[in-house]
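Peer 1: So here's query.cif, just mmCIF, C-alpha atoms:
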```
data_work
loop_
_atom_site.group_PDB
_atom_site.id
_atom_site.type_symbol
_atom_site.label_atom_id
_atom_site.label_comp_id
_atom_site.auth_asym_id
_atom_site.auth_seq_id
_atom_site.Cartn_x
_atom_site.Cartn_y
_atom_site.Cartn_z
ATOM 1 C CA MET A 1 0.000 0.000 0.000
ATOM 2 C CA GLY A 2 2.701 2.373 0.860
ATOM 3 C CA GLU A 3 4.787 3.110 -2.194
ATOM 4 C CA GLN A 4 5.212 6.767 -1.180
ATOM 5 C CA ALA A 5 7.960 8.267 0.970
ATOM 6 C CA PRO A 6 7.963 7.216 4.639
ATOM 7 C CA ALA A 7 7.326 10.749 5.913
ATOM 8 C CA GLU A 8 4.176 12.060 4.251
ATOM 9 C CA ALA A 9 3.088 15.656 4.146
ATOM 10 C CA SER A 10 -0.262 16.701 5.566
ATOM 11 C CA GLY A 11 -2.586 18.284 2.998
ATOM 12 C CA ALA A 12 -5.629 20.489 2.964
ATOM 13 C CA VAL A 13 -7.947 18.438 0.792
ATOM 14 C CA ARG A 14 -11.276 17.919 2.506
ATOM 15 C CA SER A 15 -11.826 14.430 3.861
ATOM 16 C CA GLY A 16 -14.978 12.380 4.321
ATOM 17 C CA PRO A 17 -17.032 12.528 7.524
ATOM 18 C CA GLN A 18 -15.140 11.570 10.662
ATOM 19 C CA GLY A 19 -16.009 8.305 12.374
ATOM 20 C CA LYS A 20 -16.319 6.991 15.917
ATOM 21 C CA ALA A 21 -13.313 5.507 17.638
ATOM 22 C CA SER A 22 -14.656 1.974 17.741
ATOM 23 C CA ALA A 23 -13.318 -0.584 15.281
ATOM 24 C CA LYS A 24 -15.671 -1.374 12.431
ATOM 25 C CA LYS A 25 -15.377 -3.892 9.633
ATOM 26 C CA PRO A 26 -15.520 -2.393 6.115
ATOM 27 C CA LYS A 27 -18.804 -2.889 4.316
ATOM 28 C CA SER A 28 -18.894 -5.655 1.772
ATOM 29 C CA ALA A 29 -18.227 -5.061 -1.888
ATOM 30 C CA THR A 30 -21.620 -6.542 -2.755
ATOM 31 C CA ALA A 31 -23.459 -4.043 -0.587
ATOM 32 C CA GLY A 32 -21.358 -1.210 -1.991
ATOM 33 C CA THR A 33 -22.175 -2.336 -5.505
ATOM 34 C CA THR A 34 -25.910 -2.231 -4.842
ATOM 35 C CA ARG A 35 -25.737 1.252 -3.407
ATOM 36 C CA GLY A 36 -23.384 2.336 -6.185
ATOM 37 C CA ALA A 37 -25.825 1.235 -8.852
ATOM 38 C CA ALA A 38 -28.583 3.312 -7.272
ATOM 39 C CA ALA A 39 -26.313 6.310 -6.853
ATOM 40 C CA ASP A 40 -25.292 6.076 -10.496
ATOM 41 C CA ALA A 41 -28.827 6.347 -11.852
ATOM 42 C CA ALA A 42 -28.736 10.116 -12.240
ATOM 43 C CA ALA A 43 -25.387 10.065 -14.027
ATOM 44 C CA ASP A 44 -26.482 7.215 -16.271
ATOM 45 C CA ALA A 45 -29.703 8.972 -17.225
ATOM 46 C CA GLY A 46 -27.946 11.979 -18.655
ATOM 47 C CA ALA A 47 -24.886 10.382 -20.131
ATOM 48 C CA GLY A 48 -26.350 9.677 -23.532
ATOM 49 C CA ALA A 49 -28.286 6.861 -25.113
ATOM 50 C CA SER A 50 -25.378 4.644 -26.111
ATOM 51 C CA GLY A 51 -25.915 2.361 -23.083
ATOM 52 C CA ALA A 52 -23.322 -0.197 -24.232
ATOM 53 C CA THR A 53 -22.217 -2.756 -21.666
ATOM 54 C CA ALA A 54 -18.867 -4.376 -20.977
ATOM 55 C CA ALA A 55 -20.043 -7.385 -22.953
ATOM 56 C CA THR A 56 -20.923 -5.444 -26.090
ATOM 57 C CA VAL A 57 -18.360 -2.655 -26.290
ATOM 58 C CA THR A 58 -15.224 -3.314 -28.339
ATOM 59 C CA PRO A 59 -12.151 -1.541 -26.913
ATOM 60 C CA SER A 60 -11.249 1.242 -29.276
ATOM 61 C CA ARG A 61 -8.690 3.901 -28.545
ATOM 62 C CA SER A 62 -9.235 5.510 -31.939
ATOM 63 C CA ARG A 63 -12.957 5.962 -31.281
ATOM 64 C CA ALA A 64 -12.207 7.661 -27.959
ATOM 65 C CA ALA A 65 -9.771 9.965 -29.713
ATOM 66 C CA ALA A 66 -12.291 10.838 -32.430
ATOM 67 C CA ARG A 67 -15.003 11.879 -29.990
ATOM 68 C CA PRO A 68 -13.847 13.527 -26.742
ATOM 69 C CA GLU A 69 -15.602 12.142 -23.697
ATOM 70 C CA SER A 70 -17.805 14.527 -21.745
ATOM 71 C CA ARG A 71 -17.456 14.720 -17.978
ATOM 72 C CA LEU A 72 -20.875 13.180 -17.535
ATOM 73 C CA ALA A 73 -19.933 10.253 -19.763
ATOM 74 C CA MET A 74 -16.655 9.838 -17.882
ATOM 75 C CA ILE A 75 -18.480 9.707 -14.541
ATOM 76 C CA ARG A 76 -20.871 7.146 -15.944
ATOM 77 C CA ARG A 77 -17.991 5.025 -17.234
ATOM 78 C CA ALA A 78 -16.021 5.401 -13.975
ATOM 79 C CA ARG A 79 -18.939 4.210 -11.876
ATOM 80 C CA ARG A 80 -19.523 1.321 -14.222
ATOM 81 C CA ILE A 81 -15.865 0.309 -13.865
ATOM 82 C CA ASN A 82 -16.274 0.418 -10.098
ATOM 83 C CA ARG A 83 -19.301 -1.873 -10.315
ATOM 84 C CA GLU A 84 -17.416 -4.269 -12.591
ATOM 85 C CA LEU A 85 -14.405 -4.342 -10.252
ATOM 86 C CA ALA A 86 -16.745 -5.082 -7.344
ATOM 87 C CA GLU A 87 -17.844 -8.198 -9.224
ATOM 88 C CA VAL A 88 -14.277 -9.208 -10.037
ATOM 89 C CA TYR A 89 -12.931 -8.582 -6.517
ATOM 90 C CA PRO A 90 -15.800 -9.125 -4.053
ATOM 91 C CA TYR A 91 -13.121 -10.072 -1.513
ATOM 92 C CA ALA A 92 -11.047 -6.875 -1.893
ATOM 93 C CA HIS A 93 -9.473 -5.911 1.436
ATOM 94 C CA PRO A 94 -6.425 -4.214 2.969
ATOM 95 C CA GLU A 95 -3.409 -6.341 2.089
ATOM 96 C CA LEU A 96 -1.607 -5.636 5.338
ATOM 97 C CA ASP A 97 -1.986 -8.054 8.244
ATOM 98 C CA PHE A 98 -3.299 -6.351 11.393
ATOM 99 C CA ARG A 99 -5.371 -7.084 14.492
ATOM 100 C CA ASN A 100 -6.022 -3.581 15.806
ATOM 101 C CA PRO A 101 -5.697 0.092 14.780
ATOM 102 C CA PHE A 102 -2.139 0.405 16.124
ATOM 103 C CA GLU A 103 -0.913 -2.557 14.080
ATOM 104 C CA LEU A 104 -2.490 -1.202 10.901
ATOM 105 C CA LEU A 105 -1.009 2.238 11.510
ATOM 106 C CA VAL A 106 2.481 0.821 12.033
ATOM 107 C CA ALA A 107 2.210 -1.581 9.101
ATOM 108 C CA THR A 108 1.102 1.203 6.766
ATOM 109 C CA VAL A 109 4.048 3.386 7.764
ATOM 110 C CA LEU A 110 6.381 0.434 7.152
ATOM 111 C CA SER A 111 4.858 -0.233 3.721
ATOM 112 C CA ALA A 112 6.475 2.845 2.176
ATOM 113 C CA GLN A 113 8.863 1.858 -0.635
ATOM 114 C CA THR A 114 8.317 -1.871 -0.165
ATOM 115 C CA THR A 115 5.646 -4.519 -0.699
ATOM 116 C CA ASP A 116 2.818 -5.336 1.670
ATOM 117 C CA LEU A 117 4.078 -8.922 1.579
ATOM 118 C CA ARG A 118 7.465 -7.906 2.993
ATOM 119 C CA VAL A 119 5.741 -5.871 5.707
ATOM 120 C CA ASN A 120 3.483 -8.791 6.605
ATOM 121 C CA GLN A 121 6.518 -11.043 6.880
ATOM 122 C CA THR A 122 8.236 -8.532 9.167
ATOM 123 C CA THR A 123 5.500 -7.410 11.568
ATOM 124 C CA PRO A 124 4.900 -10.676 13.512
ATOM 125 C CA ALA A 125 8.277 -10.361 15.262
ATOM 126 C CA LEU A 126 7.853 -6.590 15.585
ATOM 127 C CA PHE A 127 4.477 -6.802 17.334
ATOM 128 C CA ALA A 128 5.639 -9.689 19.495
ATOM 129 C CA ALA A 129 8.353 -7.373 20.817
ATOM 130 C CA TYR A 130 6.272 -4.179 20.934
ATOM 131 C CA PRO A 131 2.532 -4.961 21.099
ATOM 132 C CA THR A 132 1.408 -1.498 22.270
ATOM 133 C CA PRO A 133 2.330 2.138 21.610
ATOM 134 C CA GLU A 134 3.772 2.330 25.126
ATOM 135 C CA ASP A 135 6.043 -0.628 24.419
ATOM 136 C CA MET A 136 7.231 0.754 21.096
ATOM 137 C CA ALA A 137 7.743 4.242 22.515
ATOM 138 C CA ALA A 138 10.250 2.786 24.967
ATOM 139 C CA ALA A 139 12.120 0.716 22.355
ATOM 140 C CA VAL A 140 15.874 0.969 21.934
ATOM 141 C CA PRO A 141 16.239 2.568 18.457
ATOM 142 C CA GLU A 142 18.904 0.124 17.272
ATOM 143 C CA GLU A 143 16.805 -2.876 18.291
ATOM 144 C CA LEU A 144 13.730 -1.475 16.562
ATOM 145 C CA GLU A 145 15.769 -0.773 13.432
ATOM 146 C CA GLU A 146 17.011 -4.337 13.304
ATOM 147 C CA LEU A 147 13.487 -5.763 13.500
ATOM 148 C CA ILE A 148 12.201 -3.628 10.615
ATOM 149 C CA ARG A 149 15.367 -3.795 8.501
ATOM 150 C CA PRO A 150 13.736 -6.087 5.854
ATOM 151 C CA THR A 151 11.293 -3.315 4.895
ATOM 152 C CA GLY A 152 14.054 -0.924 3.806
ATOM 153 C CA PHE A 153 14.683 2.686 4.887
ATOM 154 C CA PHE A 154 14.692 1.206 8.379
ATOM 155 C CA ARG A 155 16.387 4.127 10.153
ATOM 156 C CA MET A 156 13.895 6.678 8.886
ATOM 157 C CA LYS A 157 10.980 4.325 9.529
ATOM 158 C CA ALA A 158 12.217 3.548 13.050
ATOM 159 C CA LYS A 159 12.343 7.261 13.787
ATOM 160 C CA SER A 160 8.743 7.627 12.580
ATOM 161 C CA LEU A 161 7.555 4.628 14.610
ATOM 162 C CA LEU A 162 9.221 5.899 17.769
ATOM 163 C CA GLY A 163 7.772 9.367 17.209
ATOM 164 C CA LEU A 164 4.208 8.237 16.498
ATOM 165 C CA SER A 165 4.254 5.760 19.401
ATOM 166 C CA GLN A 166 5.425 8.446 21.800
ATOM 167 C CA ALA A 167 2.750 10.817 20.477
ATOM 168 C CA LEU A 168 0.053 8.164 20.945
ATOM 169 C CA ARG A 169 1.285 7.536 24.491
ATOM 170 C CA ASP A 170 1.622 11.191 25.475
ATOM 171 C CA ARG A 171 -1.211 12.885 23.590
ATOM 172 C CA PHE A 172 -3.833 10.206 22.919
ATOM 173 C CA ASP A 173 -3.681 7.958 26.014
ATOM 174 C CA GLY A 174 -2.123 5.149 23.990
ATOM 175 C CA GLU A 175 -5.054 4.971 21.551
ATOM 176 C CA VAL A 176 -5.018 5.571 17.791
ATOM 177 C CA PRO A 177 -7.303 8.560 17.126
ATOM 178 C CA GLY A 178 -10.240 8.215 14.747
ATOM 179 C CA ARG A 179 -9.978 11.667 13.170
ATOM 180 C CA LEU A 180 -7.901 12.598 10.139
ATOM 181 C CA GLU A 181 -6.841 15.928 11.638
ATOM 182 C CA ASP A 182 -5.345 14.079 14.618
ATOM 183 C CA LEU A 183 -3.742 11.248 12.655
ATOM 184 C CA VAL A 184 -1.811 13.556 10.327
ATOM 185 C CA THR A 185 -0.122 15.178 13.338
ATOM 186 C CA LEU A 186 1.681 11.898 14.065
ATOM 187 C CA PRO A 187 5.256 11.532 12.756
ATOM 188 C CA GLY A 188 5.369 9.667 9.440
ATOM 189 C CA VAL A 189 1.596 9.815 8.960
ATOM 190 C CA GLY A 190 0.038 11.708 6.053
ATOM 191 C CA ARG A 191 -3.315 11.626 4.297
ATOM 192 C CA LYS A 192 -2.723 8.281 2.599
ATOM 193 C CA THR A 193 -1.828 6.470 5.804
ATOM 194 C CA ALA A 194 -4.594 8.240 7.710
ATOM 195 C CA ASN A 195 -7.205 7.244 5.129
ATOM 196 C CA VAL A 196 -6.060 3.614 5.284
ATOM 197 C CA VAL A 197 -6.576 3.547 9.055
ATOM 198 C CA LEU A 198 -9.825 5.523 9.036
ATOM 199 C CA GLY A 199 -11.421 3.488 6.277
ATOM 200 C CA ASN A 200 -10.441 0.065 7.558
ATOM 201 C CA VAL A 201 -10.832 0.271 11.323
ATOM 202 C CA PHE A 202 -13.061 3.286 11.967
ATOM 203 C CA GLY A 203 -15.455 3.049 9.030
ATOM 204 C CA VAL A 204 -14.674 6.588 7.849
ATOM 205 C CA PRO A 205 -14.767 6.746 4.009
ATOM 206 C CA GLY A 206 -11.569 7.809 2.296
ATOM 207 C CA ILE A 207 -9.623 7.471 -0.947
ATOM 208 C CA THR A 208 -6.165 5.921 -0.549
ATOM 209 C CA VAL A 209 -3.904 7.266 -3.277
ATOM 210 C CA ASP A 210 -0.893 4.983 -3.515
ATOM 211 C CA THR A 211 1.232 4.298 -6.591
ATOM 212 C CA HIS A 212 -1.164 1.700 -8.006
ATOM 213 C CA PHE A 213 -4.272 3.809 -7.463
ATOM 214 C CA GLY A 214 -2.765 6.932 -9.023
ATOM 215 C CA ARG A 215 -1.469 4.993 -12.020
ATOM 216 C CA LEU A 216 -4.787 3.308 -12.761
ATOM 217 C CA VAL A 217 -7.069 6.334 -12.359
ATOM 218 C CA ARG A 218 -4.893 8.188 -14.832
ATOM 219 C CA ARG A 219 -4.933 5.169 -17.137
ATOM 220 C CA PHE A 220 -8.740 5.104 -16.830
ATOM 221 C CA LYS A 221 -8.807 8.858 -17.683
ATOM 222 C CA TRP A 222 -10.611 9.734 -14.462
ATOM 223 C CA THR A 223 -7.993 12.393 -13.768
ATOM 224 C CA GLU A 224 -4.813 13.829 -15.241
ATOM 225 C CA GLN A 225 -3.442 14.938 -11.885
ATOM 226 C CA GLU A 226 -0.126 13.631 -10.555
ATOM 227 C CA ASP A 227 -0.219 15.120 -7.063
ATOM 228 C CA PRO A 228 -1.856 12.600 -4.662
ATOM 229 C CA GLU A 229 -3.943 15.241 -2.899
ATOM 230 C CA LYS A 230 -5.327 16.542 -6.183
ATOM 231 C CA VAL A 231 -5.989 12.990 -7.360
ATOM 232 C CA GLU A 232 -7.871 12.323 -4.123
ATOM 233 C CA ALA A 233 -10.003 15.441 -4.520
ATOM 234 C CA GLU A 234 -10.930 14.690 -8.141
ATOM 235 C CA ILE A 235 -11.795 11.036 -7.522
ATOM 236 C CA CYS A 236 -13.841 11.926 -4.444
ATOM 237 C CA ALA A 237 -15.929 14.202 -6.682
ATOM 238 C CA ILE A 238 -16.779 11.297 -9.025
ATOM 239 C CA PHE A 239 -17.995 8.725 -6.496
ATOM 240 C CA PRO A 240 -20.337 8.815 -3.496
ATOM 241 C CA LYS A 241 -18.575 8.754 -0.115
ATOM 242 C CA SER A 242 -19.954 5.309 0.659
ATOM 243 C CA GLU A 243 -17.789 3.894 -2.150
ATOM 244 C CA TRP A 244 -14.475 5.595 -1.380
ATOM 245 C CA THR A 245 -12.822 2.961 0.818
ATOM 246 C CA MET A 246 -13.856 -0.070 -1.209
ATOM 247 C CA LEU A 247 -13.099 1.701 -4.496
ATOM 248 C CA SER A 248 -9.540 2.168 -3.252
ATOM 249 C CA HIS A 249 -9.189 -1.546 -2.494
ATOM 250 C CA ARG A 250 -10.671 -2.627 -5.831
ATOM 251 C CA VAL A 251 -8.477 -0.345 -7.922
ATOM 252 C CA VAL A 252 -5.318 -1.346 -6.023
ATOM 253 C CA PHE A 253 -6.233 -5.035 -6.337
ATOM 254 C CA HIS A 254 -6.690 -4.601 -10.084
ATOM 255 C CA GLY A 255 -3.382 -2.764 -10.437
ATOM 256 C CA ARG A 256 -1.475 -5.461 -8.610
ATOM 257 C CA ARG A 257 -3.078 -8.425 -10.322
ATOM 258 C CA ILE A 258 -3.939 -7.444 -13.893
ATOM 259 C CA CYS A 259 -3.283 -3.807 -14.815
ATOM 260 C CA HIS A 260 0.462 -3.803 -14.138
ATOM 261 C CA ALA A 261 2.658 -0.758 -14.609
ATOM 262 C CA ARG A 262 5.035 -2.084 -17.271
ATOM 263 C CA LYS A 263 2.986 -4.730 -19.039
ATOM 264 C CA PRO A 264 -0.751 -4.719 -18.335
ATOM 265 C CA ALA A 265 -2.588 -7.952 -19.078
ATOM 266 C CA CYS A 266 -5.120 -6.253 -21.370
ATOM 267 C CA GLY A 267 -6.171 -9.525 -23.003
ATOM 268 C CA ALA A 268 -7.220 -10.947 -19.621
ATOM 269 C CA CYS A 269 -8.802 -7.774 -18.271
ATOM 270 C CA PRO A 270 -12.541 -7.946 -17.454
ATOM 271 C CA ILE A 271 -12.966 -4.183 -17.809
ATOM 272 C CA ALA A 272 -11.041 -3.833 -21.085
ATOM 273 C CA PRO A 273 -14.147 -2.653 -23.006
ATOM 274 C CA LEU A 274 -14.416 0.314 -20.616
ATOM 275 C CA CYS A 275 -10.730 1.231 -20.579
ATOM 276 C CA PRO A 276 -9.376 3.972 -22.877
ATOM 277 C CA ALA A 277 -5.854 2.593 -22.348
ATOM 278 C CA TYR A 278 -6.674 -0.838 -23.781
ATOM 279 C CA GLY A 279 -3.794 -1.995 -25.985
ATOM 280 C CA GLU A 280 -0.988 -0.540 -23.886
ATOM 281 C CA GLY A 281 -0.301 -4.082 -22.696
ATOM 282 C CA GLU A 282 -0.525 -7.638 -23.975
ATOM 283 C CA THR A 283 -3.825 -8.136 -25.836
ATOM 284 C CA ASP A 284 -3.456 -11.813 -26.739
ATOM 285 C CA PRO A 285 -5.653 -13.668 -24.190
ATOM 286 C CA GLU A 286 -3.326 -16.635 -23.724
ATOM 287 C CA LYS A 287 -0.209 -14.499 -23.348
ATOM 288 C CA ALA A 288 -2.065 -12.103 -21.050
ATOM 289 C CA LYS A 289 -3.090 -14.946 -18.719
ATOM 290 C CA LYS A 290 0.573 -15.655 -18.067
ATOM 291 C CA LEU A 291 0.988 -12.114 -16.710
ATOM 292 C CA LEU A 292 -1.638 -12.464 -13.965
ATOM 293 C CA LYS A 293 -0.365 -12.244 -10.399
ATOM 294 C CA TYR A 294 -1.373 -13.440 -6.940
ATOM 295 C CA GLU A 295 -4.638 -15.383 -6.793
ATOM 296 C CA LYS A 296 -5.530 -14.450 -10.391
ATOM 297 C CA GLY A 297 -2.407 -16.240 -11.554
ATOM 298 C CA GLY A 298 -2.754 -19.114 -9.100
ATOM 299 C CA TYR A 299 -0.119 -17.792 -6.687
ATOM 300 C CA PRO A 300 -0.218 -16.912 -2.958
ATOM 301 C CA GLY A 301 -1.476 -13.502 -1.928
ATOM 302 C CA GLN A 302 0.358 -10.880 0.120
ATOM 303 C CA ARG A 303 -1.156 -11.638 3.522
ATOM 304 C CA LEU A 304 0.052 -14.348 5.853
ATOM 305 C CA SER A 305 -3.379 -14.192 7.514
ATOM 306 C CA PRO A 306 -5.878 -13.291 4.766
ATOM 307 C CA PRO A 307 -9.613 -12.808 5.420
ATOM 308 C CA PRO A 308 -11.773 -15.963 5.355
ATOM 309 C CA ASP A 309 -13.332 -15.064 1.988
ATOM 310 C CA TYR A 310 -9.989 -14.663 0.207
ATOM 311 C CA PRO A 311 -9.944 -17.199 -2.677
ATOM 312 C CA GLY A 312 -6.169 -17.497 -2.888
ATOM 313 C CA ARG A 313 -3.472 -19.009 -0.714
ATOM 314 C CA PRO A 314 -1.763 -17.311 2.259
ATOM 315 C CA ALA A 315 1.737 -15.943 1.741
ATOM 316 C CA ALA A 316 4.756 -17.645 3.246
ATOM 317 C CA PRO A 317 6.606 -16.339 6.338
ATOM 318 C CA LEU A 318 9.858 -14.413 6.018
ATOM 319 C CA GLY A 319 12.649 -16.603 4.679
ATOM 320 C CA ALA A 320 10.362 -19.210 3.133
ATOM 321 C CA PRO A 321 10.268 -19.636 -0.666
ATOM 322 C CA THR A 322 7.640 -17.518 -2.439
ATOM 323 C CA GLU A 323 5.941 -18.022 -5.790
ATOM 324 C CA ALA A 324 4.833 -14.458 -6.603
#
```
Starting from the file, lay out its structure as structure tokens.
Peer 2:
Amino acid sequence: MGEQAPAEASGAVRSGPQGKASAKKPKSATAGTTRGAAADAAADAGAGASGATAATVTPSRSRAAARPESRLAMIRRARRINRELAEVYPYAHPELDFRNPFELLVATVLSAQTTDLRVNQTTPALFAAYPTPEDMAAAVPEELEELIRPTGFFRMKAKSLLGLSQALRDRFDGEVPGRLEDLVTLPGVGRKTANVVLGNVFGVPGITVDTHFGRLVRRFKWTEQEDPEKVEAEICAIFPKSEWTMLSHRVVFHGRRICHARKPACGACPIAPLCPAYGEGETDPEKAKKLLKYEKGGYPGQRLSPPPDYPGRPAAPLGAPTEA
């Protein structure tokens, strides 16, 4: 999740409504899809009479170039993509292992410039040594650094973890706050990390703009922005708040499994008819299938302890052979 720099800058983009401080499981993709379909009715009604579906549209970059897409048509297409992704990834979830808000906060900070898999392989020993903010706040820096060394940038990350743990202990009674304006005051925590925590343990809707999300929404032509805060603002304006958290998971899942950065598996993509970037990757179906990753390619996922509805296999612990 965390392909950005370890120390994130706090922004001024308006967030979704703030939630209560009790942990809450994210709403299911199926429920979000039903609400999304109802919320899309107004956009669909005014977006023209073409009404083509993913099963009938033939991907055509030249057609898109010949007739510029209106904003209303783009919103309609974006919401349709979200509904399609909800069908493809009904099990979409955070790909960091965690048991409480503190563990998710720490894991998200550690995920900067590394994979969620590597974080998940590292955190069991970390949380065994420092299970609470009070424990981590009192850690010997060199010992903390050694435990998180596999995630890279371990000195900078250790400094952030010590700082945020001390802040939680001293300013928030050892509890992770459930408000964005409080979370972004913690060392190493910016909007992306805050939205991950808020959306997945406090039920507060938010868009998580990591590398995968930013790449795909530009590929989908939902935005041309590069700055994460501007991307967040523009995507928030396209979708209802109730969809923000799950939309983030679905888009990131799709980017990791099918719509890769260097060679997208266009020929195996279920939303290809809705994608203006179709053809940037491998279009031959058989060749495209060989590019699929994680459960889509028959390999283990990123979590050592995935949710019960995850259709793939758990990842292996640190040091064990991996297949993806």
Peer 1: From the options A:Arg219, A:Lys157, A:Arg171, A:His212, which residue's atoms come nearest to A:Val189, counting all atoms listed in the file?
Peer 2: A:Lys157
Peer 1: Within 6 Å of stretch 243-251 of chain A, counting only C-alpha atoms, which residues qualify if same-chain residues fewer than 2 places away don't, as a ChimeraX atom specification?
Peer 2: /A:92-93,199,205-208,213,240-241,253-254
Peer 1: With all atoms listed in the file counted, which protein, DNA or RNA residues have an atom no more than 10 Å from (-0.5, -3.3, -16.2) in the file frame? Please answer as a list of chain:residue names.
Peer 2: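 Protein, DNA and RNA residues close to (-0.5, -3.3, -16.2): A:His212, A:Arg215, A:Leu216, A:Arg219, A:His254, A:Gly255, A:Arg256, A:Arg257, A:Ile258, A:Cys259, A:His260, A:Ala261, A:Arg262, A:Lys263, A:Pro264, A:Ala265, A:Cys266, A:Cys269, A:Glu280, A:Gly281, A:Glu282, A:Leu291, A:Leu292.
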Peer 1: For this structure, which residues satisfy the selection - the PyMOL selection byres ((chain A and resi 192) around 9) - when it is evaluated on the file as given? I want them as a list in words.
Peer 2: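 When the PyMOL selection byres ((chain A and resi 192) around 9) is applied, the selected residues are Gly2, Gln4, Glu8, Val189, Gly190, Arg191, Thr193, Ala194, Asn195, Val196, Val197, Gly206, Ile207, Thr208, Val209, Asp210, Pro228 and Glu229 of chain A.
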Peer 1: Separation of atom CA of A:Phe239 and atom CA of A:Arg76, in Å?
Peer 2: 10.0 Å
Peer 1: For the structure shown, which residues end up in the PyMOL selection byres ((chain A and resi 271) around 10)? Put them as a PyMOL selection string, please?
Peer 2: chain A and resi 54-55+59+80-82+84-85+88+254+266+268-270+272-275+278
Peer 1: With the PyMOL selection byres ((chain A and resi 139) around 10) as the selection, what would be picked from this file? Answer as a PyMOL selection string, please.
Peer 2: chain A and resi 129-130+133-138+140-145+158+161-162+165
Peer 1: Enter the distance from atom CA of A:Gly214 to atom CA of A:Val231, in Å, rounded to one decimal.
Peer 2: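 Separating atom CA of A:Gly214 from atom CA of A:Val231 is a distance of 7.1 Å.
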Peer 1: With all atoms listed in the file as the atoms that count, which of A:Arg67, A:Val106, A:Tyr91, A:Gly174 lies nearest to A:Pro308?
Peer 2: A:Tyr91
Peer 1: Could you please determine the separation between atom CA of A:Lys159 and atom CA of A:Gly188 in Å, to one decimal place?
Peer 2: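 Taking atom CA of A:Lys159 and atom CA of A:Gly188, their separation equals 8.6 Å.
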Peer 1: Which residues, protein or nucleic acid, reach to within 10 Å of (-0.1, -4.3, 12.5) in the file's coordinates when using all atoms listed in the file, and can you give that as a ChimeraX atom specification?
Peer 2: /A:96-110,119-120,122-124,126-127,131
